[in-house]
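Enquirer: TSV, C-alpha atoms, saved as start_7.tsv, coming up:
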chain	number	residue	atom	x	y	z
A	1	MET	CA	23.28	-25.64	-1.43
A	2	THR	CA	23.67	-23.98	-4.82
A	3	HIS	CA	21.38	-23.93	-7.83
A	4	THR	CA	23.55	-26.73	-9.26
A	5	GLN	CA	22.83	-28.81	-6.18
A	6	ILE	CA	19.12	-28.13	-6.57
A	7	ASP	CA	19.41	-29.36	-10.13
A	8	SER	CA	21.18	-32.46	-8.79
A	9	ILE	CA	18.30	-33.15	-6.42
A	10	MET	CA	15.85	-32.87	-9.31
A	11	ALA	CA	17.97	-35.26	-11.37
A	12	SER	CA	18.10	-37.90	-8.62
A	13	THR	CA	16.46	-41.21	-9.50
A	14	ARG	CA	16.35	-42.25	-5.84
A	15	LEU	CA	14.05	-39.45	-4.67
A	16	SER	CA	10.35	-39.18	-5.37
A	17	GLY	CA	8.88	-35.88	-6.49
A	18	PRO	CA	7.56	-35.00	-3.00
A	19	ALA	CA	10.93	-35.91	-1.46
A	20	LYS	CA	12.74	-33.60	-3.87
A	21	ARG	CA	10.29	-30.81	-3.09
A	22	ASP	CA	10.70	-31.33	0.68
A	23	ARG	CA	14.50	-31.18	0.45
A	24	ILE	CA	14.35	-27.93	-1.49
A	25	PHE	CA	11.82	-26.52	1.00
A	26	ALA	CA	14.01	-27.48	3.96
A	27	HIS	CA	17.01	-25.72	2.44
A	28	LEU	CA	15.10	-22.54	1.59
A	29	ALA	CA	13.41	-22.37	5.02
A	30	GLY	CA	16.86	-22.37	6.67
A	31	GLN	CA	18.06	-19.24	4.84
A	32	PRO	CA	18.18	-15.86	6.66
A	33	ASP	CA	15.51	-14.46	4.32
A	34	LYS	CA	13.53	-17.73	4.43
A	35	GLY	CA	14.90	-18.52	0.98
A	36	VAL	CA	12.84	-15.86	-0.78
A	37	GLY	CA	15.77	-14.35	-2.66
A	38	GLU	CA	17.18	-17.66	-3.89
A	39	ALA	CA	13.77	-19.00	-4.94
A	40	ALA	CA	12.89	-15.82	-6.81
A	41	GLU	CA	16.29	-15.68	-8.53
A	42	LEU	CA	16.08	-19.27	-9.75
A	43	LEU	CA	12.52	-18.72	-10.98
A	44	ARG	CA	13.90	-15.98	-13.21
A	45	THR	CA	16.27	-18.42	-14.94
A	46	THR	CA	15.06	-22.04	-14.74
A	47	GLU	CA	13.66	-23.86	-17.73
A	48	HIS	CA	12.65	-26.89	-15.64
A	49	ARG	CA	8.88	-27.20	-15.17
A	50	HIS	CA	9.05	-29.08	-11.86
A	51	VAL	CA	11.71	-26.76	-10.44
A	52	ALA	CA	9.52	-23.77	-11.30
A	53	GLU	CA	6.47	-25.37	-9.68
A	54	TYR	CA	8.29	-26.36	-6.48
A	55	LEU	CA	9.83	-22.91	-6.06
A	56	ALA	CA	6.50	-21.19	-6.71
A	57	GLN	CA	4.85	-23.54	-4.21
A	58	TYR	CA	7.44	-22.54	-1.65
A	59	LEU	CA	7.01	-18.80	-2.23
A	60	GLU	CA	3.26	-19.28	-1.88
A	61	LEU	CA	3.86	-20.46	1.69
A	62	VAL	CA	5.86	-17.37	2.70
A	63	PRO	CA	4.08	-14.09	3.49
A	64	GLU	CA	4.89	-10.71	1.97
A	65	ALA	CA	7.96	-10.38	-0.35
A	66	ALA	CA	5.75	-8.88	-3.06
A	67	GLU	CA	8.69	-7.37	-4.96
A	68	GLU	CA	10.52	-10.69	-5.30
A	69	LYS	CA	7.36	-12.57	-6.20
A	70	THR	CA	6.42	-9.97	-8.79
A	71	GLY	CA	9.86	-10.22	-10.44
A	72	ALA	CA	9.53	-13.99	-10.63
A	73	ALA	CA	6.00	-13.77	-12.04
A	74	GLU	CA	7.07	-11.31	-14.73
A	75	ARG	CA	9.60	-13.81	-15.99
A	76	LEU	CA	7.16	-16.74	-15.75
A	77	ARG	CA	4.65	-14.75	-17.80
A	78	ARG	CA	7.07	-14.76	-20.71
A	79	HIS	CA	7.41	-18.55	-20.69
A	80	PRO	CA	4.66	-20.48	-22.55
A	81	VAL	CA	4.86	-23.51	-20.22
A	82	LEU	CA	6.20	-22.24	-16.89
A	83	VAL	CA	3.58	-19.48	-16.81
A	84	ARG	CA	1.18	-21.81	-15.01
A	85	SER	CA	3.40	-21.62	-11.90
A	86	ALA	CA	2.75	-17.87	-11.64
A	87	ALA	CA	-0.71	-18.80	-10.35
A	88	ARG	CA	0.90	-19.45	-6.96
A	89	LEU	CA	2.01	-15.80	-6.72
A	90	VAL	CA	-1.24	-14.02	-7.63
A	91	PRO	CA	-2.06	-12.63	-4.13
A	92	TRP	CA	1.08	-10.44	-4.26
A	93	LEU	CA	1.01	-9.23	-7.87
A	94	PRO	CA	0.23	-5.63	-8.91
A	95	ASP	CA	-2.89	-4.87	-10.91
A	96	THR	CA	-0.91	-4.02	-14.05
A	97	LEU	CA	0.68	-7.47	-14.11
A	98	LEU	CA	-2.63	-9.19	-13.42
A	99	ASP	CA	-4.16	-7.26	-16.32
A	100	GLY	CA	-1.28	-8.49	-18.49
A	101	PHE	CA	-2.12	-12.11	-17.70
A	102	ILE	CA	-5.76	-11.44	-18.61
A	103	ALA	CA	-4.69	-9.95	-21.94
A	104	ASP	CA	-2.48	-12.98	-22.61
A	105	TYR	CA	-5.34	-15.40	-21.90
A	106	LEU	CA	-7.71	-13.56	-24.22
A	107	ALA	CA	-5.08	-13.35	-26.97
A	108	ILE	CA	-4.33	-17.08	-26.82
A	109	GLY	CA	-8.01	-17.92	-27.09
A	110	GLN	CA	-7.73	-21.38	-25.48
A	111	PRO	CA	-9.87	-21.90	-22.32
A	112	LYS	CA	-7.39	-24.41	-20.86
A	113	SER	CA	-4.09	-22.83	-21.88
A	114	PRO	CA	-1.36	-22.73	-19.17
A	115	VAL	CA	-2.21	-19.11	-18.36
A	116	SER	CA	-5.72	-20.24	-17.39
A	117	ASN	CA	-4.16	-21.44	-14.11
A	118	VAL	CA	-3.31	-17.84	-13.35
A	119	LEU	CA	-6.85	-16.69	-14.14
A	120	TYR	CA	-8.25	-19.38	-11.86
A	121	SER	CA	-6.08	-18.08	-9.02
A	122	MET	CA	-7.28	-14.56	-9.82
A	123	ALA	CA	-10.87	-15.80	-9.53
A	124	VAL	CA	-10.00	-16.92	-6.01
A	125	TYR	CA	-8.12	-13.82	-4.87
A	126	THR	CA	-9.09	-10.90	-7.16
A	127	PRO	CA	-12.36	-11.77	-8.94
A	128	GLU	CA	-13.19	-8.09	-9.40
A	129	ARG	CA	-10.34	-7.71	-11.92
A	130	LEU	CA	-11.79	-10.50	-14.07
A	131	ARG	CA	-15.44	-9.48	-13.95
A	132	PRO	CA	-15.27	-6.95	-16.85
A	133	TYR	CA	-14.13	-9.85	-19.09
A	134	GLN	CA	-16.57	-12.43	-17.75
A	135	ASP	CA	-18.38	-12.94	-21.05
A	136	ARG	CA	-15.06	-13.67	-22.82
A	137	ILE	CA	-13.76	-16.23	-20.32
A	138	GLU	CA	-14.88	-19.72	-21.29
A	139	ASN	CA	-13.18	-21.60	-18.44
A	140	GLU	CA	-15.95	-22.99	-16.20
A	141	HIS	CA	-13.76	-23.11	-13.09
A	142	VAL	CA	-12.90	-19.43	-13.45
A	143	GLN	CA	-16.59	-18.65	-13.91
A	144	LEU	CA	-17.39	-20.30	-10.57
A	145	GLY	CA	-14.86	-18.03	-8.89
A	146	LEU	CA	-16.62	-14.99	-10.31
A	147	LEU	CA	-19.68	-15.71	-8.17
A	148	SER	CA	-17.78	-14.01	-5.34
A	149	GLY	CA	-18.93	-10.39	-5.20
A	150	ALA	CA	-21.39	-10.83	-8.07
A	151	SER	CA	-23.55	-7.85	-8.96
A	152	ASP	CA	-27.03	-7.32	-7.52
A	153	ALA	CA	-28.45	-7.96	-10.99
A	154	SER	CA	-26.70	-11.34	-11.18
A	155	VAL	CA	-28.04	-12.28	-7.74
A	156	ASP	CA	-31.56	-11.31	-8.86
A	157	ASP	CA	-31.16	-13.39	-12.02
A	158	LEU	CA	-30.20	-16.44	-9.93
A	159	THR	CA	-33.23	-15.84	-7.71
A	160	ASP	CA	-35.50	-15.74	-10.76
A	161	GLU	CA	-33.82	-18.86	-12.17
A	162	TRP	CA	-34.55	-20.79	-8.98
A	163	ARG	CA	-38.17	-19.64	-8.99
A	164	ARG	CA	-38.59	-20.74	-12.63
A	165	GLU	CA	-36.74	-24.04	-12.52
A	166	GLY	CA	-36.51	-24.99	-8.85
A	167	ASP	CA	-32.82	-25.91	-9.20
A	168	PRO	CA	-31.13	-25.86	-5.75
A	169	ALA	CA	-27.79	-25.13	-7.45
A	170	ALA	CA	-29.06	-21.67	-8.33
A	171	LEU	CA	-29.68	-20.94	-4.65
A	172	ILE	CA	-26.19	-22.12	-3.71
A	173	GLN	CA	-24.69	-19.88	-6.38
A	174	LEU	CA	-26.80	-16.98	-5.15
A	175	ALA	CA	-25.51	-17.42	-1.60
A	176	LEU	CA	-21.92	-17.76	-2.81
A	177	ALA	CA	-22.06	-14.22	-4.15
A	178	ARG	CA	-21.53	-13.45	-0.45
A	179	THR	CA	-22.74	-9.86	-0.71
A	180	GLU	CA	-25.20	-7.95	1.45
A	181	HIS	CA	-27.72	-8.15	-1.38
A	182	ALA	CA	-27.28	-11.92	-1.64
A	183	LEU	CA	-27.85	-12.28	2.11
A	184	ALA	CA	-30.95	-10.10	1.93
A	185	ARG	CA	-32.28	-12.23	-0.92
A	186	VAL	CA	-31.76	-15.43	1.08
A	187	HIS	CA	-33.60	-13.96	4.05
A	188	ALA	CA	-36.45	-12.87	1.79
A	189	LEU	CA	-36.80	-16.41	0.42
A	190	ARG	CA	-37.41	-18.04	3.79
A	191	GLY	CA	-41.14	-18.38	3.17
A	192	GLU	CA	-40.51	-20.02	-0.21
A	193	ILE	CA	-37.87	-22.56	0.95
A	194	ASN	CA	-39.71	-25.31	2.78
A	195	ASP	CA	-36.57	-26.81	4.29
A	196	ASP	CA	-35.17	-25.10	7.38
A	197	PRO	CA	-31.69	-26.75	7.30
A	198	ALA	CA	-31.32	-25.87	3.61
A	199	TRP	CA	-32.33	-22.25	4.27
A	200	GLU	CA	-29.96	-22.02	7.24
A	201	LEU	CA	-27.11	-23.32	5.08
A	202	LEU	CA	-27.80	-20.61	2.50
A	203	VAL	CA	-27.82	-17.90	5.18
A	204	GLU	CA	-24.45	-19.07	6.49
A	205	LEU	CA	-22.92	-19.32	3.02
A	206	ALA	CA	-24.04	-15.76	2.32
A	207	GLY	CA	-22.40	-14.51	5.52
A	208	GLY	CA	-25.21	-14.43	8.08
A	209	LEU	CA	-26.29	-16.49	11.06
A	210	PRO	CA	-29.85	-17.87	10.97
A	211	ASN	CA	-32.41	-16.72	13.54
A	212	THR	CA	-30.03	-14.09	14.98
A	213	GLU	CA	-28.77	-10.70	13.89
A	214	GLY	CA	-25.20	-11.94	14.14
A	215	ARG	CA	-22.74	-12.30	11.31
A	216	ALA	CA	-21.02	-15.52	10.29
A	217	VAL	CA	-17.86	-13.58	9.52
A	218	CYS	CA	-15.06	-11.84	11.41
A	219	GLU	CA	-13.66	-9.03	9.30
A	220	PRO	CA	-11.13	-8.57	7.82
A	221	ALA	CA	-10.00	-11.94	6.44
A	222	PHE	CA	-6.35	-12.94	6.58
A	223	MET	CA	-4.27	-15.53	4.75
A	224	GLY	CA	-2.33	-17.69	7.21
A	225	PHE	CA	1.29	-18.88	6.89
A	226	VAL	CA	2.93	-21.43	9.15
A	227	ALA	CA	6.11	-19.86	10.51
A	228	GLU	CA	8.71	-20.62	13.17
A	229	ALA	CA	7.64	-20.44	16.83
A	230	GLY	CA	7.49	-16.89	18.13
A	231	ALA	CA	7.12	-15.22	14.73
A	232	SER	CA	3.47	-14.53	15.56
A	233	PRO	CA	1.34	-14.53	18.73
A	234	HIS	CA	-0.88	-17.16	17.09
A	235	VAL	CA	0.32	-20.71	17.79
A	236	VAL	CA	0.12	-23.73	15.48
A	237	GLY	CA	0.48	-27.08	17.19
A	238	GLY	CA	1.96	-27.35	20.64
A	239	ALA	CA	1.21	-29.78	23.44
A	240	ALA	CA	-1.83	-30.13	25.69
A	241	SER	CA	-2.36	-31.08	29.32
A	242	GLY	CA	-5.36	-32.26	31.29
A	243	GLU	CA	-8.43	-33.82	29.69
A	244	VAL	CA	-8.86	-33.57	25.91
A	245	PRO	CA	-11.14	-35.20	23.32
A	246	ILE	CA	-9.95	-38.68	22.34
A	247	CYS	CA	-10.63	-40.74	19.24
A	248	PRO	CA	-13.42	-43.26	19.98
A	249	SER	CA	-11.76	-45.78	17.66
A	250	CYS	CA	-8.07	-45.86	18.61
A	251	GLU	CA	-8.36	-43.80	21.85
A	252	LYS	CA	-5.51	-41.55	20.74
A	253	PRO	CA	-5.86	-38.07	22.29
A	254	SER	CA	-6.35	-34.91	20.31
A	255	ALA	CA	-3.95	-31.98	20.46
A	256	PRO	CA	-4.17	-28.23	19.89
A	257	LEU	CA	-4.18	-27.38	16.21
A	258	LEU	CA	-4.50	-23.61	16.41
A	259	SER	CA	-4.46	-21.15	19.32
A	260	LEU	CA	-5.31	-17.55	18.46
A	261	SER	CA	-4.46	-14.45	20.46
A	262	ALA	CA	-7.67	-12.43	20.78
A	263	SER	CA	-5.83	-9.22	21.66
A	264	SER	CA	-3.74	-9.49	18.48
A	265	LEU	CA	-6.75	-9.76	16.17
A	266	PRO	CA	-8.94	-6.85	14.99
A	267	TYR	CA	-12.09	-8.67	16.11
A	268	ASP	CA	-14.31	-8.08	19.12
A	269	LEU	CA	-13.14	-11.17	20.98
A	270	THR	CA	-12.85	-11.42	24.75
A	271	HIS	CA	-11.28	-14.87	25.04
A	272	ASP	CA	-8.41	-16.64	23.26
A	273	PRO	CA	-9.82	-19.33	20.93
A	274	VAL	CA	-8.15	-22.76	20.93
A	275	PHE	CA	-9.07	-25.47	18.42
A	276	TYR	CA	-8.32	-29.18	18.81
A	277	TRP	CA	-7.96	-32.00	16.30
A	278	TYR	CA	-6.68	-35.57	15.92
A	279	SER	CA	-3.45	-36.86	14.40
A	280	CYS	CA	-4.83	-40.36	13.85
A	281	ARG	CA	-6.44	-41.22	10.51
A	282	CYS	CA	-9.34	-43.27	11.93
A	283	SER	CA	-11.98	-40.84	10.57
A	284	ALA	CA	-14.16	-41.89	13.50
A	285	LEU	CA	-15.27	-38.29	14.05
A	286	ASP	CA	-15.84	-35.42	11.65
A	287	SER	CA	-16.10	-32.77	14.38
A	288	THR	CA	-15.17	-32.04	17.98
A	289	THR	CA	-16.48	-29.39	20.37
A	290	VAL	CA	-15.01	-28.14	23.64
A	291	ARG	CA	-15.44	-25.27	26.08
A	292	ILE	CA	-12.21	-23.49	27.02
A	293	ASP	CA	-12.50	-23.17	30.79
A	294	PRO	CA	-9.85	-21.41	32.93
A	295	ASP	CA	-9.01	-24.70	34.64
A	296	GLY	CA	-9.29	-27.04	31.63
A	297	LEU	CA	-11.63	-28.26	28.93
A	298	THR	CA	-15.23	-29.37	28.90
A	299	VAL	CA	-15.63	-31.91	26.10
A	300	TYR	CA	-19.00	-32.32	24.38
A	301	TYR	CA	-20.45	-35.17	22.33
A	302	GLY	CA	-17.62	-37.68	22.58
A	303	PRO	CA	-15.10	-39.46	24.78
A	304	HIS	CA	-12.33	-37.64	26.58
A	305	GLY	CA	-9.17	-38.66	28.36
A	306	PRO	CA	-5.72	-37.49	29.40
A	307	ALA	CA	-3.65	-35.49	26.93
A	308	ASP	CA	-0.33	-36.75	25.63
A	309	PRO	CA	2.16	-33.94	26.40
A	310	LYS	CA	4.51	-35.34	23.73
A	311	LEU	CA	1.90	-35.25	20.97
A	312	SER	CA	1.94	-32.37	18.48
A	313	LEU	CA	0.22	-31.99	15.14
A	314	THR	CA	3.23	-30.08	13.82
A	315	GLY	CA	6.14	-32.02	15.29
A	316	ALA	CA	7.40	-28.84	16.92
A	317	GLU	CA	5.42	-25.80	17.96
A	318	ARG	CA	5.00	-23.25	15.15
A	319	SER	CA	3.17	-19.97	14.73
A	320	LEU	CA	0.70	-18.58	12.19
A	321	ALA	CA	1.71	-15.35	10.49
A	322	LEU	CA	-1.15	-13.36	8.98
A	323	GLU	CA	-1.42	-11.21	5.87
A	324	ARG	CA	-4.57	-9.47	4.67
A	325	HIS	CA	-6.52	-11.59	2.17
A	326	PRO	CA	-7.00	-9.91	-1.24
A	327	ASN	CA	-10.59	-11.23	-1.44
A	328	GLN	CA	-12.57	-9.78	1.45
A	329	CYS	CA	-15.93	-10.84	0.03
A	330	GLY	CA	-15.34	-14.59	0.39
A	331	VAL	CA	-14.07	-17.26	-2.01
A	332	SER	CA	-16.77	-19.04	-4.02
A	333	VAL	CA	-14.82	-21.95	-5.56
A	334	ARG	CA	-14.42	-25.23	-3.72
A	335	ALA	CA	-11.39	-25.75	-1.53
A	336	VAL	CA	-8.91	-28.46	-2.52
A	337	PRO	CA	-7.29	-30.18	0.49
A	338	GLY	CA	-3.54	-29.84	0.30
A	339	GLU	CA	-3.76	-26.83	-2.04
A	340	THR	CA	-5.60	-24.25	0.06
A	341	LEU	CA	-3.82	-21.61	2.13
A	342	HIS	CA	-4.78	-21.33	5.79
A	343	GLN	CA	-7.18	-18.53	6.73
A	344	VAL	CA	-8.27	-16.52	9.76
A	345	GLY	CA	-11.46	-14.45	9.57
A	346	GLY	CA	-13.68	-13.98	6.55
A	347	LEU	CA	-15.96	-16.76	5.34
A	348	PRO	CA	-15.02	-20.43	4.94
A	349	GLN	CA	-13.95	-21.78	1.59
A	350	TRP	CA	-15.74	-25.11	1.86
A	351	ARG	CA	-14.85	-28.30	0.05
A	352	GLU	CA	-18.54	-29.16	0.35
A	353	ALA	CA	-21.00	-26.54	1.55
A	354	ASP	CA	-21.99	-27.36	5.12
A	355	ASN	CA	-23.84	-25.90	8.08
A	356	HIS	CA	-22.02	-24.18	10.90
A	357	PRO	CA	-22.02	-26.10	14.19
A	358	ARG	CA	-24.42	-25.03	16.94
A	359	CYS	CA	-23.04	-23.95	20.29
A	360	PRO	CA	-24.06	-26.48	22.96
A	361	GLU	CA	-24.36	-23.67	25.53
A	362	CYS	CA	-26.41	-20.94	23.80
A	363	HIS	CA	-27.67	-23.17	20.93
A	364	ASN	CA	-26.93	-20.52	18.30
A	365	ALA	CA	-25.03	-21.12	15.06
A	366	MET	CA	-21.35	-20.42	15.68
A	367	PRO	CA	-19.41	-17.87	13.64
A	368	PHE	CA	-16.55	-19.14	11.47
A	369	LEU	CA	-13.11	-18.03	12.63
A	370	ALA	CA	-10.40	-20.01	10.80
A	371	TYR	CA	-9.44	-23.03	8.79
A	372	MET	CA	-6.23	-25.03	8.58
A	373	ASP	CA	-5.32	-27.13	5.58
A	374	SER	CA	-3.16	-30.22	6.05
A	375	SER	CA	-1.00	-28.84	3.30
A	376	ARG	CA	2.66	-28.19	2.72
A	377	THR	CA	4.49	-25.80	5.02
A	378	PRO	CA	8.12	-24.68	4.86
A	379	PHE	CA	8.69	-27.30	7.58
A	380	GLY	CA	6.83	-30.23	6.01
A	381	THR	CA	3.17	-31.23	6.06
A	382	LEU	CA	0.85	-30.93	9.03
A	383	ASP	CA	0.01	-34.20	10.78
A	384	PHE	CA	-3.69	-34.53	9.99
A	385	GLY	CA	-5.83	-35.08	6.91
A	386	GLY	CA	-8.13	-32.76	4.99
A	387	ILE	CA	-9.15	-29.23	5.95
A	388	VAL	CA	-10.17	-28.45	9.52
A	389	TYR	CA	-12.71	-25.62	9.85
A	390	CYS	CA	-12.75	-23.75	13.16
A	391	PHE	CA	-15.79	-22.06	14.72
A	392	TRP	CA	-15.89	-20.00	17.90
A	393	CYS	CA	-18.65	-18.80	20.24
A	394	ASP	CA	-16.83	-16.09	22.18
A	395	GLY	CA	-19.55	-15.49	24.77
A	396	CYS	CA	-19.62	-19.17	25.75
A	397	ARG	CA	-15.89	-19.84	25.18
A	398	VAL	CA	-16.82	-22.80	22.97
A	399	SER	CA	-14.69	-23.94	20.03
A	400	SER	CA	-15.84	-26.43	17.44
A	401	THR	CA	-13.80	-27.96	14.65
A	402	LYS	CA	-15.13	-29.78	11.61
A	403	VAL	CA	-13.07	-31.68	9.02
A	404	GLN	CA	-13.61	-32.18	5.31
A	405	GLY	CA	-11.26	-34.41	3.33
Is it possible to give me this structure as structure tokens?

Expert:
Amino acid sequence: MTHTQIDSIMASTRLSGPAKRDRIFAHLAGQPDKGVGEAAELLRTTEHRHVAEYLAQYLELVPEAAEEKTGAAERLRRHPVLVRSAARLVPWLPDTLLDGFIADYLAIGQPKSPVSNVLYSMAVYTPERLRPYQDRIENEHVQLGLLSGASDASVDDLTDEWRREGDPAALIQLALARTEHALARVHALRGEINDDPAWELLVELAGGLPNTEGRAVCEPAFMGFVAEAGASPHVVGGAASGEVPICPSCEKPSAPLLSLSASSLPYDLTHDPVFYWYSCRCSALDSTTVRIDPDGLTVYYGPHGPADPKLSLTGAERSLALERHPNQCGVSVRAVPGETLHQVGGLPQWREADNHPRCPECHNAMPFLAYMDSSRTPFGTLDFGGIVYCFWCDGCRVSSTKVQG
């Protein structure tokens, strides 16, 4: 397939936008370099807005290749319309180029100009580079991202605001700073917050676990990328055997969504975590909890039945490649299902702030370990809806998954 053929796909009146994107993705994924070179080259020449967006979306799903992504972003920066697609490439861009996008935004002086998309992505991945310009950035969505890693003074101001006005939103923003100082502030407020579940939620958002000295976070955080089977020791999809949770509505069995190799992660884990979810769209359950026993699963809180060895959430078994996340503090903006990269470690980027599940064995809040978005992959979309958040109690070998759509 040549660039001309890609243009022909985009010109087709028989294909929907998603179908065009999927055909381009399928072609690029089959290339020896996973299509990185071709996508980056075309991004340096195309004038077509949708072509630029689809190619940037594809490169966002492929780890590494910083040089090629930087070259594409440099060209996109010079285009007044296509520049918005450079937002997809922010995690791989050098500081000098990121500073250039900031200068462009300030020079344009329009809070919702196309380059604001790039600044929003910077607020997700590199908020520290934006913080010196915080008072000059009028985009409210970018401002929410700058809660991540906020200064001690800002955390204290939010504490004082809550005490003056009693607005719960100030407490949520305080916790979403996700710093040691923010966590200490939340702990210090326990006597003033007369709502234990609300206080526990704030502790978990800030990175702690209530009523224990444990941490809600495994460090460091990694971005996750669905890759071909065997590219990583971490498995996406695959089949199950034995007893598994089943949907109480349609009785369709669940299947493994993500299986992590403990020995391949820089965390103090003794057992390999495995997380299950459903491919049906019944929405009968918003969570499932199992214990990973040597001879099978123990299913809590819901029905269970025999696995379907032919069922896979990914069609074919895949793997999850990891790359260090640029934001090690924790993202403070809301996740958008279908637009959020997968993650292992760090703190959850919630769609709606929620409590961590409690382990049915030790009864403690469970640390967050990963989330998987039912988003695009180089091989198509994953066969479930929303974002599935994965929690793991290593001592009890208990995994719990919770979905938000």

Enquirer: I'd like a table as CSV: residues in segment 268-341 of chain A with an atom no more than 7 Å from segment 378-394 of chain A, each row giving the shortest atom pair and its distance in Å to one decimal, only C-alpha atoms counted, sorted by chain and rising residue number.

Expert:
residue,atom,partner,partner_atom,distance
A:Leu269,CA,A:Asp394,CA,6.3
A:Thr270,CA,A:Asp394,CA,6.7
A:His271,CA,A:Asp394,CA,6.4
A:Pro273,CA,A:Trp392,CA,6.8
A:Phe275,CA,A:Cys390,CA,6.6
A:Tyr278,CA,A:Phe384,CA,6.7
A:Ser279,CA,A:Phe384,CA,5.0
A:Leu313,CA,A:Asp383,CA,4.9
A:Thr314,CA,A:Leu382,CA,5.4
A:Pro337,CA,A:Gly386,CA,5.3

Enquirer: Skipping near chain neighbours, those fewer than 2 positions away, what residues fall within 9 Å of segment 124-130 of chain A using only C-alpha atoms, listed as a list of chain:residue names?

Expert: A:Val90, A:Pro91, A:Asp95, A:Leu98, A:Asp99, A:Ile102, A:Leu119, A:Tyr120, A:Ser121, A:Met122, A:Pro132, A:Tyr133, A:Gln134, A:Ile137, A:Val142, A:Gly145, A:Leu146, A:Leu147, A:Ser148, A:Gly149, A:Ala150, A:His325, A:Pro326, A:Asn327, A:Gln328, A:Gly330, A:Val331, A:Ser332, A:Val333

Enquirer: Write a file of the selected residues as a compact mmCIF listing (two decimals), in the coordinates of the input, keeping C-alpha atoms.

Expert:
# COMPACT_ATOMS: atom_id res chain seq x y z
CA VAL A 90 -1.24 -14.02 -7.63
CA PRO A 91 -2.06 -12.63 -4.13
CA ASP A 95 -2.89 -4.87 -10.91
CA LEU A 98 -2.63 -9.19 -13.42
CA ASP A 99 -4.16 -7.26 -16.32
CA ILE A 102 -5.76 -11.44 -18.61
CA LEU A 119 -6.85 -16.69 -14.14
CA TYR A 120 -8.25 -19.38 -11.86
CA SER A 121 -6.08 -18.08 -9.02
CA MET A 122 -7.28 -14.56 -9.82
CA PRO A 132 -15.27 -6.95 -16.85
CA TYR A 133 -14.13 -9.85 -19.09
CA GLN A 134 -16.57 -12.43 -17.75
CA ILE A 137 -13.76 -16.23 -20.32
CA VAL A 142 -12.90 -19.43 -13.45
CA GLY A 145 -14.86 -18.03 -8.89
CA LEU A 146 -16.62 -14.99 -10.31
CA LEU A 147 -19.68 -15.71 -8.17
CA SER A 148 -17.78 -14.01 -5.34
CA GLY A 149 -18.93 -10.39 -5.20
CA ALA A 150 -21.39 -10.83 -8.07
CA HIS A 325 -6.52 -11.59 2.17
CA PRO A 326 -7.00 -9.91 -1.24
CA ASN A 327 -10.59 -11.23 -1.44
CA GLN A 328 -12.57 -9.78 1.45
CA GLY A 330 -15.34 -14.59 0.39
CA VAL A 331 -14.07 -17.26 -2.01
CA SER A 332 -16.77 -19.04 -4.02
CA VAL A 333 -14.82 -21.95 -5.56

Enquirer: Return as lines of an AutoDock Vina configuration file the centre and edge lengths, in Å with one decimal, of the box along x, y and z that encloses every atom of segment 60-74 of chain A in the file, padded by 3 Å per side.

Expert:
center_x = 6.9
center_y = -13.9
center_z = -5.6
size_x = 13.3
size_y = 19.1
size_z = 24.2

Enquirer: Quick one: pull the distance between atom CA of Ala52 of chain A and atom CA of Ala73 of chain A, Å, one decimal.

Expert: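 Separation of atom CA of Ala52 of chain A and atom CA of Ala73 of chain A: 10.6 Å.
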
Enquirer: Write out as a ChimeraX atom specification which residues come within 12 Å of Gln173 of chain A when counting all atoms listed in the file, dropping same-chain ones fewer than 5 positions away.

Expert: /A:143-150,154-159,161-162,167-168,178-179,182-183,186,202,205-206,331-334,353

Enquirer: Fewer than 5 positions away in the same chain doesn't count, so skip those; otherwise give me all residues within 9 Å of Val217 of chain A, counting all atoms listed in the file, as a list in words.

Expert: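 The neighbour list is Gly207, Gly208, Gly345, Gly346, Leu347, Pro348, Pro367, Phe368 and Leu369 of chain A.
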
Enquirer: If we count all atoms listed in the file and set the cut-off at 9 Å, which residues sit around segment 65-71 of chain A, ignoring sequence neighbours fewer than 3 positions away in its own chain? Please answer as JSON, numbers by chain.

Expert: {"A": [36, 37, 39, 40, 41, 43, 44, 56, 59, 60, 62, 74, 75, 76, 86, 89, 90, 91, 92, 93, 94, 97]}

Enquirer: Leaving out segment 17-33 of chain A and any residue of its chain fewer than 4 positions from it, which residues lie within 9 Å of it when counting only C-alpha atoms, given as a PyMOL selection string?

Expert: chain A and resi 1+6+9-10+12+37-39+50-51+54-55+58+376-380

Enquirer: In the coordinate frame of the file, compute which residues have an atom within 10 Å of (-19.0, -33.0, 11.5) when using all atoms listed in the file, and state them as a VMD selection string.

Expert: chain A and resid 285 to 289 354 to 357 389 400 to 404

Enquirer: Atom CA of Glu219 of chain A to atom CA of Thr96 of chain A: how many Å, to one decimal?

Expert: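 Computing it gives 27.1 Å between the two atoms.
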
Enquirer: Which is closest to Gly100 of chain A among A:Leu320, A:Ala255, A:Ala11, A:Val118, if we use all atoms listed in the file?

Expert: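 Closest to Gly100 of chain A, using all atoms listed in the file: A:Val118.
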